[in-house]
Amino acid sequence: MDRQDPVILLEHVGVNLGGTPILEDVSLSIGQGEFVVILGPNGAGKTTLIKLLLGLIKPSAGSVRVLEDAPRCGRREIGYVPQRRAIDVEMALCGRDLVGFGLDGHRWGIGIPSRKRKEKIDSALRKVDALDLADAPVGQLSGGEQQRILIAQALISDPCLLLLDEPLANLDLAHQQEVVALVNKVCRERGVTVLLVSHDINPLLEFTDQVIYMANNHTAIGTPDEVITSDALSLLYGSAVEVVHAKGRYFVVGAET
Amino acid sequence: MFELFQHEFVRNAFLAGSVVAIVSGMVGYFVVLRGQAFACEALSHIGFTGATAAALLGISALEGMFFFTMVAALGMGLLGKRLRNRDIEVGMILTFMLGLGVLFLSIITRNATTAVNILFGSILSVTPTDVIVTIGAGVITIILLVCLYRPLLFASFDPDVAETRGVPAQGLSVIFLLLLAISVSEAMKVVGVLLVFALLVVPAAAAEHLTHRPFSAMLMSVSISLISTLGGLVLAFIGHWPASFYIVSLTSLFYFASLGIRAIYYPRRYREPSHPSREVFPDVPKII
Amino acid sequence: MFAVFQYAFIQNAFLAGSLVAIMAGILGYFLVARGLTFAGHALSSIGFAGAAGAVLLGISPVYGLLVSTVGAALAISVLGREIRERDVAIGVIMTFALGLGILFLSLYRGYAEQAYSILFGTIVGISRIDVLVTAGLSLGILAILALVGRPLLFSSFDPVMAEARGLPVTFLGSLFLILVAVTVSIAMQVIGVLLVFALLVGPPATAIRLVHRPGSIIILSIGLGLVYTWLGILLAANSSWPVSFYITTLAFVVYLPVRLFSSHGKDGRNRLIRKPSSFFTPNFQEAVEEEKETNPAPSFPINEKHNV
């Protein structure tokens, strides 16, 4: 794949779910190695966009190209970390198993344990700094630790595109910073393109290349400084929105959708 | 004691019992993993109606159970998420089916043995045909489970990510429910309608307390199930009480023992919280 | 058809059945509102062991039921909320109790009628004394309900608020379970342990889709329960089929069309029915989570609260 070609290319894409238009005439292009954050209120279509890229949803209009190909399930080059949900405390699964899913969870049969497999898993865990969690039952780990393991699971197949849906939700500040630093490291050191859905831009601000802001059936794309301004957001929401940039952070004040 | 084995019915009981125990242990592991204990109860109720209807019609109870439970499993699989949190609706349907079964049972109680067999299990009077059917269905189930082990494990844990990796999570759901239907029907033969839970869920729940590796958990579940079944059979031959009672008591014993072992060997949490604001997870919502 | 009323045992059945229907209608409503419908199932299974054991010992099954169900309710209350997989533990105990019950039944070489009636209910086996006992217990339940009815209602729908107002939510939960246990015990006489769910949950589940104030729901639920029970006894008296089958079928046949054709709340979820929680007290946290899931309020993207 040529370095210049966009990793993700959407052209006039529309998505209808159950008769309701979720996305309308969205066009965007994301280059390799970019760190992109998707922002917007609930129900704006952020998860829909992710599912579109994964091939879980088909567009009703326009074309979607991911890594030069139409999106479909089962692509090893795409890593996915979904929205976290509560894990049963007693669940008989440890970190190693969880990461192993990313490696061969889709293959039939029982699988023969091999040293090579163990090494691959250990290496993936080491990269997210979670090797000591390998044998811990996942249900008893903290949110941040689980998140790291899930990221390792997504990374073990060596993807060039990483999609994360609300990875920072319900994490305290320290854990948020851990996860953000990790994702940024992956992005910069391995050249992985990162698409991250979040509620809050602030923890991600210093690493973000582009912002995709989705609200009110509209989408605004650009750098944080371009998109998160009073004018841009007012246009997007269709009502007065004020953005205050203070102390290196964004504070958005104004009307609801 | 080994003179017992000269009798064919004893050999049949042990043979069928072993197969059912292994199947229950394997399927039960996934039932607990997927939080589908309720589906288990549901299928056993429906199987009860199937068994009594079959008795009325004069066909083999096992066939009746297979048919009813597999149809129900298919329905449940296809309705999928829509059954979630529908305790009341599902409960009403189940109770109605149970009511039908009660009706059929009251009619066939002229033949008291059939009624007793259905309610209490009839492993000691299992016919050679039943043994063949049980082993056949059991072997098929085991083979399928072995082939589907990894994708099913993945899909059980995280259907979303599994789907993006190319695992057909929905389809596997339906297949699993069908396998569950088979094992529920077989378990009903051994311990009767009311105690299926004991054979399918309890050994797996106990195993979950003892280990955190999935494969070991499944092996342990199978072992507990096997020991309980075979031990129960032996006790039934020595003592005078129904085999199902012994089997169920043994599984319960294992379960409470596992609670004790876990309390001793594994501290409440694997590690102390590293950060004071660590969250506590709410209970996982059960799905069908 | 109505000639059967001349028989004393039918009169007894009607009396006991009416009392049961009334109690079940009231407590069943709370069961549904608190999302504890499977508690009825669990308690009746545990009660089964008690009933069978009582029969084995030669005493009336109702006493065995009372002891075992109330004991179970108390034990569960004592277990508290600490044990994480409490639901599985309860399932295990329930299954073991069923196993015990089956053992006792199998040991009981006496009159099969007794065993039959425990499982399936009966119209013939209820004596005057049983009616009096049932009446006494029902009065007791009513008296307690008169006292705690309102707090119980409050804590069922808004446990956090109730707790903040100083209501003993946990104690109310335990008390409630005990009342359910007693109701299940007296219901067994008429409908047997296997099908208690139909009388306990059927009428309220139907009523809840037709009317919307707790008072009206309870009255309708009682009314439905009485109709099912009376019709059921009448039909069973004139045929050879079990009364529990009739009651269950009636409950289901009325419930089905109501369920299919009644108006739903927003998102198809009826706001009056709590999402089923684990055994004990309504899990407010879970209900809040589900609210958030199904009703994504367009929240503001960058939440000022998180920033200093």
# chains A, B, ... in the order shown; residues from 1 in each chain; ligands from 1
$ residues_around --residues "stretch 39-56 of chain C" --least-positions-apart "5" --cutoff "8 Å" --atoms "only C-alpha atoms" --output "PyMOL selection string"
chain C and resi 31+61-69+72-73+90-91+93-95+97-102+104-105+107-108+114-115+118-119+180-181+184-185+193-194+196-197+200+279
$ closest_atom_pairs --of "chain C" --to "chain B" --cutoff "8 Å" --atoms "only C-alpha atoms" --output "CSV"
residue,atom,partner,partner_atom,distance
C:Val32,CA,B:Ile88,CA,7.9
C:Thr37,CA,B:Ile88,CA,7.1
C:Phe38,CA,B:Asp87,CA,7.9
C:Val88,CA,B:Ala205,CA,7.6
C:Gly91,CA,B:Phe197,CA,7.9
C:Val92,CA,B:Ser252,CA,6.4
C:Ile93,CA,B:Ser252,CA,7.6
C:Thr95,CA,B:Leu195,CA,6.0
C:Phe96,CA,B:Ser249,CA,6.3
C:Leu98,CA,B:Leu194,CA,7.0
C:Gly99,CA,B:Phe245,CA,5.0
C:Leu100,CA,B:Phe245,CA,6.7
C:Ile102,CA,B:Phe120,CA,6.8
C:Leu103,CA,B:Phe245,CA,6.1
C:Ser106,CA,B:Pro242,CA,7.4
C:Leu107,CA,B:Trp241,CA,7.6
C:Phe120,CA,B:Val102,CA,7.1
C:Leu194,CA,B:Leu98,CA,7.8
C:Leu195,CA,B:Thr95,CA,6.3
C:Phe197,CA,B:Thr95,CA,6.8
C:Ala198,CA,B:Thr95,CA,6.3
C:Val201,CA,B:Ile88,CA,7.6
C:Gly202,CA,B:Met92,CA,6.9
C:Ala205,CA,B:Ile88,CA,7.3
C:Trp241,CA,B:Leu103,CA,6.5
C:Pro242,CA,B:Leu103,CA,6.5
C:Ser244,CA,B:Gly99,CA,7.1
C:Phe245,CA,B:Gly99,CA,4.9
C:Thr248,CA,B:Phe96,CA,6.0
C:Thr249,CA,B:Phe96,CA,6.0
C:Phe252,CA,B:Phe96,CA,6.3
C:Lys275,CA,B:Asn85,CA,6.3
C:Pro276,CA,B:Asn85,CA,6.4
C:Gln285,CA,B:Pro282,CA,7.5
C:Glu286,CA,B:Pro282,CA,7.1
$ atom_distance --atom1 "atom CA of C:Phe14" --atom2 "atom CA of C:Gly58"
25.1 Å
$ interface_residues --of "chain A" --to "chain B" --cutoff "9 Å" --atoms "only C-alpha atoms" --output "ChimeraX atom specification"
/A:54-56,72-76,78-82,85-94,97-98,101-102,104-111,135-144,154,170-172,174-175
$ interface_residues --of "chain A" --to "chain C" --cutoff "6 Å" --atoms "only C-alpha atoms" --output "list in words"
Gly40, Pro41, Asn42, His199 and Asp200 of chain A
$ select_by_dssp --residues "stretch 23-85 of chain A" --states "strand (DSSP E)" --output "number ranges by chain"
A: 23-30, 35-39, 61-66, 78-81
$ write_last_selection --atoms "C-alpha atoms" --output "PDB file, in the first residue's frame"
ATOM      1  CA  LEU A  23     -25.207   9.550   8.805  1.00  0.00           C
ATOM      2  CA  GLU A  24     -25.869  11.837   5.880  1.00  0.00           C
ATOM      3  CA  ASP A  25     -23.471  12.684   3.107  1.00  0.00           C
ATOM      4  CA  VAL A  26     -20.293  12.151   5.068  1.00  0.00           C
ATOM      5  CA  SER A  27     -17.010  12.473   3.252  1.00  0.00           C
ATOM      6  CA  LEU A  28     -13.673  12.156   4.920  1.00  0.00           C
ATOM      7  CA  SER A  29     -10.217  10.827   4.394  1.00  0.00           C
ATOM      8  CA  ILE A  30      -7.722   9.663   6.968  1.00  0.00           C
ATOM      9  CA  PHE A  35      -4.339   9.931  15.467  1.00  0.00           C
ATOM     10  CA  VAL A  36      -7.976  10.794  14.949  1.00  0.00           C
ATOM     11  CA  VAL A  37     -10.549  11.419  17.640  1.00  0.00           C
ATOM     12  CA  ILE A  38     -14.277  11.131  16.999  1.00  0.00           C
ATOM     13  CA  LEU A  39     -16.348  13.412  19.176  1.00  0.00           C
ATOM     14  CA  ALA A  61     -25.356   5.563   0.094  1.00  0.00           C
ATOM     15  CA  GLY A  62     -21.842   6.405  -0.970  1.00  0.00           C
ATOM     16  CA  SER A  63     -18.704   4.325  -0.804  1.00  0.00           C
ATOM     17  CA  VAL A  64     -16.440   3.253   2.006  1.00  0.00           C
ATOM     18  CA  ARG A  65     -12.879   2.126   1.471  1.00  0.00           C
ATOM     19  CA  VAL A  66     -10.778   0.867   4.335  1.00  0.00           C
ATOM     20  CA  ILE A  78      -7.923  -3.912  11.622  1.00  0.00           C
ATOM     21  CA  GLY A  79      -7.820  -3.993  15.389  1.00  0.00           C
ATOM     22  CA  TYR A  80     -10.985  -3.224  17.341  1.00  0.00           C
ATOM     23  CA  VAL A  81     -11.438  -2.390  20.992  1.00  0.00           C
TER      24      VAL A  81
END
$ closest_residue --among "C:Tyr255, C:Phe9, C:Tyr228, C:Phe261" --to "C:Arg128" --atoms "only C-alpha atoms"
C:Phe9
$ select_by_dssp --residues "stretch 8-230 of chain A" --states "helix (DSSP H, G or I)" --output "VMD selection string"
chain A and resid 46 to 54 95 to 104 115 to 127 131 to 133 138 to 140 143 to 155 173 to 190 202 to 207 224 to 227 230
